[in-house]
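Before any comments, here is the structure.
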Amino acid sequence: MATTQVVRSEWTKIRSVASTVWTLSLVVVVTVALGMLISALSKNEFDSMGAQQRAEFDPTFISFAGMSLGQLAMIVFGVLVVSNEYSTGMIRTSLAAVPQRGSFLFSKIAVATALALLVGLVTSFAAFFLGQAMLGEHRAEIGDPGVLRAVLGGGLYMALIAMFSMGVAAMLRSPMLSLGILMPFFFLISSILGNVDATKKVGRFLPDQAGSRIMQVVPPLDDDVPYGPWGGLGIMGLWVLAALVGGYVLLKKRDA
């Protein structure tokens, strides 16, 4: 089967599954709604902030506060795109139709990534403009230095989260096992490792900790992170590459 036919078949699979619409809709709703709420609360608290807190006030990053929950829905999307075929047994039919396993896996990932990037960019721009509207006089403008980079970076970050989840799901094959590892890791473990003094230096290099740096415009005054916004996204890209290579190698070696 030609690559274009494989891509078209993967697109048909993804858009015909109800979970795709639900999970991607949740990405938008949760991220934007929580970002607006946190922005409104931040506006009300601004007058009571100290001098240091005002100097570190980052209206752009505040409007992305919902990304921490929205990325969980993106993880579910990435895991289900790959592992649904294993849980239903469709993987044997798919590999019989497309024996070139690399073509099969990367066509699936390419289609899902394009969709995740589109939804991620829409989410990022919506979260920014609606969050800034809630911040009132404390808002940032899209033309301010570093803001457009942060907004575009928010969309890239969400797409990379989906790709990382797809790579992990390709290695583990089970949706329950994949979600059982990824959800607590991104929701709890990464935050704990990134904020505890003993593990802080290691936590900075985890995929979400490094990747989310792209959405910051105003760094903390005592910031000693050894990389910048694009460097952080590059570190996240290396995690994604490792996950995808691991998924491809195991798919090549194992029986369906």
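Residues are named by chain letter and number: chains run A, B, ... in the order of the structure tokens, numbers start at 1 in each chain, and ligands are numbered from 1 in the order shown.
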Each residue of region 134-168 of chain A lying at most 12 Å from region 20-24 of chain A should get a row with its shortest atom-to-atom pair and the distance in Å to one decimal, counting only C-alpha atoms; could you produce that, ordered by chain and increasing number, as a tab-separated table?
```
residue	atom	partner	partner_atom	distance
A:Met158	CA	A:Leu24	CA	10.9
A:Ala159	CA	A:Leu24	CA	11.5
A:Ala162	CA	A:Leu24	CA	10.7
```
Mind checking which residues fall within 8 Å of Ile62 (chain A), counting only C-alpha atoms, ignoring those fewer than 5 positions away in the same chain, and posting them as a short mmCIF file (atom, residue, chain, number, x, y, z; two decimals) with all heavy atoms, in the first residue's frame?
```cif
data_model
loop_
_atom_site.label_atom_id
_atom_site.label_comp_id
_atom_site.auth_asym_id
_atom_site.auth_seq_id
_atom_site.Cartn_x
_atom_site.Cartn_y
_atom_site.Cartn_z
N GLY A 35 -7.69 28.62 32.27
CA GLY A 35 -6.84 29.79 32.04
C GLY A 35 -7.58 31.09 32.31
O GLY A 35 -7.03 32.02 32.91
N ILE A 38 -8.03 31.41 36.23
CA ILE A 38 -6.79 31.80 36.92
C ILE A 38 -6.42 33.24 36.58
O ILE A 38 -5.93 34.00 37.42
CB ILE A 38 -5.64 30.85 36.54
CG1 ILE A 38 -5.99 29.40 36.95
CG2 ILE A 38 -4.34 31.28 37.21
CD1 ILE A 38 -6.18 29.19 38.42
N SER A 39 -6.68 33.65 35.33
CA SER A 39 -6.38 35.03 34.94
C SER A 39 -7.26 36.01 35.71
O SER A 39 -6.77 37.06 36.17
CB SER A 39 -6.62 35.20 33.43
OG SER A 39 -5.72 34.38 32.69
N SER A 42 -5.98 36.19 39.23
CA SER A 42 -4.70 36.93 39.28
C SER A 42 -4.92 38.43 39.18
O SER A 42 -4.23 39.21 39.84
CB SER A 42 -3.79 36.46 38.13
OG SER A 42 -3.49 35.09 38.26
N GLY A 131 -7.69 34.86 28.12
CA GLY A 131 -7.01 35.10 29.39
C GLY A 131 -6.62 36.56 29.55
O GLY A 131 -6.78 37.15 30.61
#
```
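Minimum atom-to-atom distances from A:Thr123, A:Thr4, A:Ser174, A:Gln132 to Glu85 (chain A) were compared using only C-alpha atoms, and the lowest value belongs to A:Ser174.
Of the listed residues A:Val7, A:Val240, A:Val79, A:Leu95, the one whose atoms come nearest to Ser178 (chain A) is A:Val79, with distances taken using only C-alpha atoms.
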Proximity of region 38-130 of chain A to region 204-227 of chain A: per-residue shortest pair, 8 Å limit, only C-alpha atoms, as JSON lines:
```
{"residue": "A:Gln52", "atom": "CA", "partner": "A:Leu221", "partner_atom": "CA", "distance": 7.8}
{"residue": "A:Ala55", "atom": "CA", "partner": "A:Leu221", "partner_atom": "CA", "distance": 7.8}
{"residue": "A:Glu56", "atom": "CA", "partner": "A:Pro220", "partner_atom": "CA", "distance": 5.5}
{"residue": "A:Phe57", "atom": "CA", "partner": "A:Val218", "partner_atom": "CA", "distance": 7.1}
{"residue": "A:Asp58", "atom": "CA", "partner": "A:Val218", "partner_atom": "CA", "distance": 5.3}
{"residue": "A:Thr60", "atom": "CA", "partner": "A:Val217", "partner_atom": "CA", "distance": 6.8}
{"residue": "A:Phe61", "atom": "CA", "partner": "A:Gln216", "partner_atom": "CA", "distance": 5.4}
{"residue": "A:Phe64", "atom": "CA", "partner": "A:Met215", "partner_atom": "CA", "distance": 7.7}
```
Restricting it to all heavy atoms, dump the selection as an mmCIF file, in the first residue's frame.
```cif
data_model
loop_
_atom_site.group_PDB
_atom_site.id
_atom_site.type_symbol
_atom_site.label_atom_id
_atom_site.label_comp_id
_atom_site.auth_asym_id
_atom_site.auth_seq_id
_atom_site.Cartn_x
_atom_site.Cartn_y
_atom_site.Cartn_z
ATOM 1 N N GLN A 52 8.337 42.017 44.433
ATOM 2 C CA GLN A 52 8.940 40.910 43.677
ATOM 3 C C GLN A 52 7.897 40.160 42.844
ATOM 4 O O GLN A 52 8.144 39.794 41.695
ATOM 5 C CB GLN A 52 9.642 39.937 44.625
ATOM 6 C CG GLN A 52 10.297 38.770 43.884
ATOM 7 C CD GLN A 52 11.121 37.874 44.797
ATOM 8 O OE1 GLN A 52 11.404 38.226 45.931
ATOM 9 N NE2 GLN A 52 11.500 36.725 44.296
ATOM 10 N N ALA A 55 7.116 42.127 39.826
ATOM 11 C CA ALA A 55 8.210 42.084 38.847
ATOM 12 C C ALA A 55 8.210 40.768 38.070
ATOM 13 O O ALA A 55 8.646 40.707 36.922
ATOM 14 C CB ALA A 55 9.544 42.275 39.559
ATOM 15 N N GLU A 56 7.722 39.685 38.733
ATOM 16 C CA GLU A 56 7.689 38.367 38.093
ATOM 17 C C GLU A 56 6.339 38.078 37.427
ATOM 18 O O GLU A 56 6.148 36.998 36.881
ATOM 19 C CB GLU A 56 7.971 37.286 39.146
ATOM 20 C CG GLU A 56 9.382 37.356 39.730
ATOM 21 C CD GLU A 56 9.603 36.331 40.825
ATOM 22 O OE1 GLU A 56 8.593 35.840 41.388
ATOM 23 O OE2 GLU A 56 10.767 36.021 41.116
ATOM 24 N N PHE A 57 5.418 39.028 37.497
ATOM 25 C CA PHE A 57 4.078 38.808 36.944
ATOM 26 C C PHE A 57 4.160 38.600 35.434
ATOM 27 O O PHE A 57 4.643 39.459 34.699
ATOM 28 C CB PHE A 57 3.196 40.024 37.265
ATOM 29 C CG PHE A 57 1.744 39.822 36.936
ATOM 30 C CD1 PHE A 57 0.932 39.056 37.753
ATOM 31 C CD2 PHE A 57 1.190 40.403 35.799
ATOM 32 C CE1 PHE A 57 -0.417 38.881 37.458
ATOM 33 C CE2 PHE A 57 -0.151 40.222 35.488
ATOM 34 C CZ PHE A 57 -0.951 39.471 36.316
ATOM 35 N N ASP A 58 3.695 37.447 34.982
ATOM 36 C CA ASP A 58 3.776 37.065 33.572
ATOM 37 C C ASP A 58 2.366 36.817 33.041
ATOM 38 O O ASP A 58 1.842 35.710 33.123
ATOM 39 C CB ASP A 58 4.624 35.793 33.437
ATOM 40 C CG ASP A 58 4.923 35.443 31.976
ATOM 41 O OD1 ASP A 58 4.237 35.985 31.080
ATOM 42 O OD2 ASP A 58 5.834 34.631 31.740
ATOM 43 N N THR A 60 1.169 36.461 30.129
ATOM 44 C CA THR A 60 1.068 35.448 29.070
ATOM 45 C C THR A 60 1.043 34.046 29.672
ATOM 46 O O THR A 60 0.165 33.231 29.355
ATOM 47 C CB THR A 60 2.257 35.573 28.103
ATOM 48 O OG1 THR A 60 2.326 36.907 27.610
ATOM 49 C CG2 THR A 60 2.104 34.612 26.944
ATOM 50 N N PHE A 61 1.981 33.775 30.584
ATOM 51 C CA PHE A 61 2.068 32.432 31.161
ATOM 52 C C PHE A 61 0.848 32.124 32.030
ATOM 53 O O PHE A 61 0.400 30.977 32.106
ATOM 54 C CB PHE A 61 3.356 32.317 31.981
ATOM 55 C CG PHE A 61 3.728 30.902 32.337
ATOM 56 C CD1 PHE A 61 4.014 29.968 31.355
ATOM 57 C CD2 PHE A 61 3.781 30.491 33.660
ATOM 58 C CE1 PHE A 61 4.351 28.661 31.670
ATOM 59 C CE2 PHE A 61 4.122 29.191 33.987
ATOM 60 C CZ PHE A 61 4.405 28.275 32.992
ATOM 61 N N PHE A 64 -1.985 30.580 30.302
ATOM 62 C CA PHE A 64 -1.771 29.172 29.936
ATOM 63 C C PHE A 64 -1.863 28.239 31.149
ATOM 64 O O PHE A 64 -1.447 27.083 31.070
ATOM 65 C CB PHE A 64 -0.393 28.994 29.287
ATOM 66 C CG PHE A 64 -0.262 29.690 27.955
ATOM 67 C CD1 PHE A 64 0.902 30.353 27.619
ATOM 68 C CD2 PHE A 64 -1.300 29.676 27.042
ATOM 69 C CE1 PHE A 64 1.029 31.002 26.403
ATOM 70 C CE2 PHE A 64 -1.189 30.326 25.823
ATOM 71 C CZ PHE A 64 -0.019 30.988 25.503
#
```
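Reported to one decimal place, the separation of CA of Gly70 (chain A) from CA of Val27 (chain A) is 4.6 Å.
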Judged by only C-alpha atoms, the minimum distance to Gly146 (chain A) among A:Pro229, A:Leu115, A:Ile109, A:Ala96 is found for A:Pro229
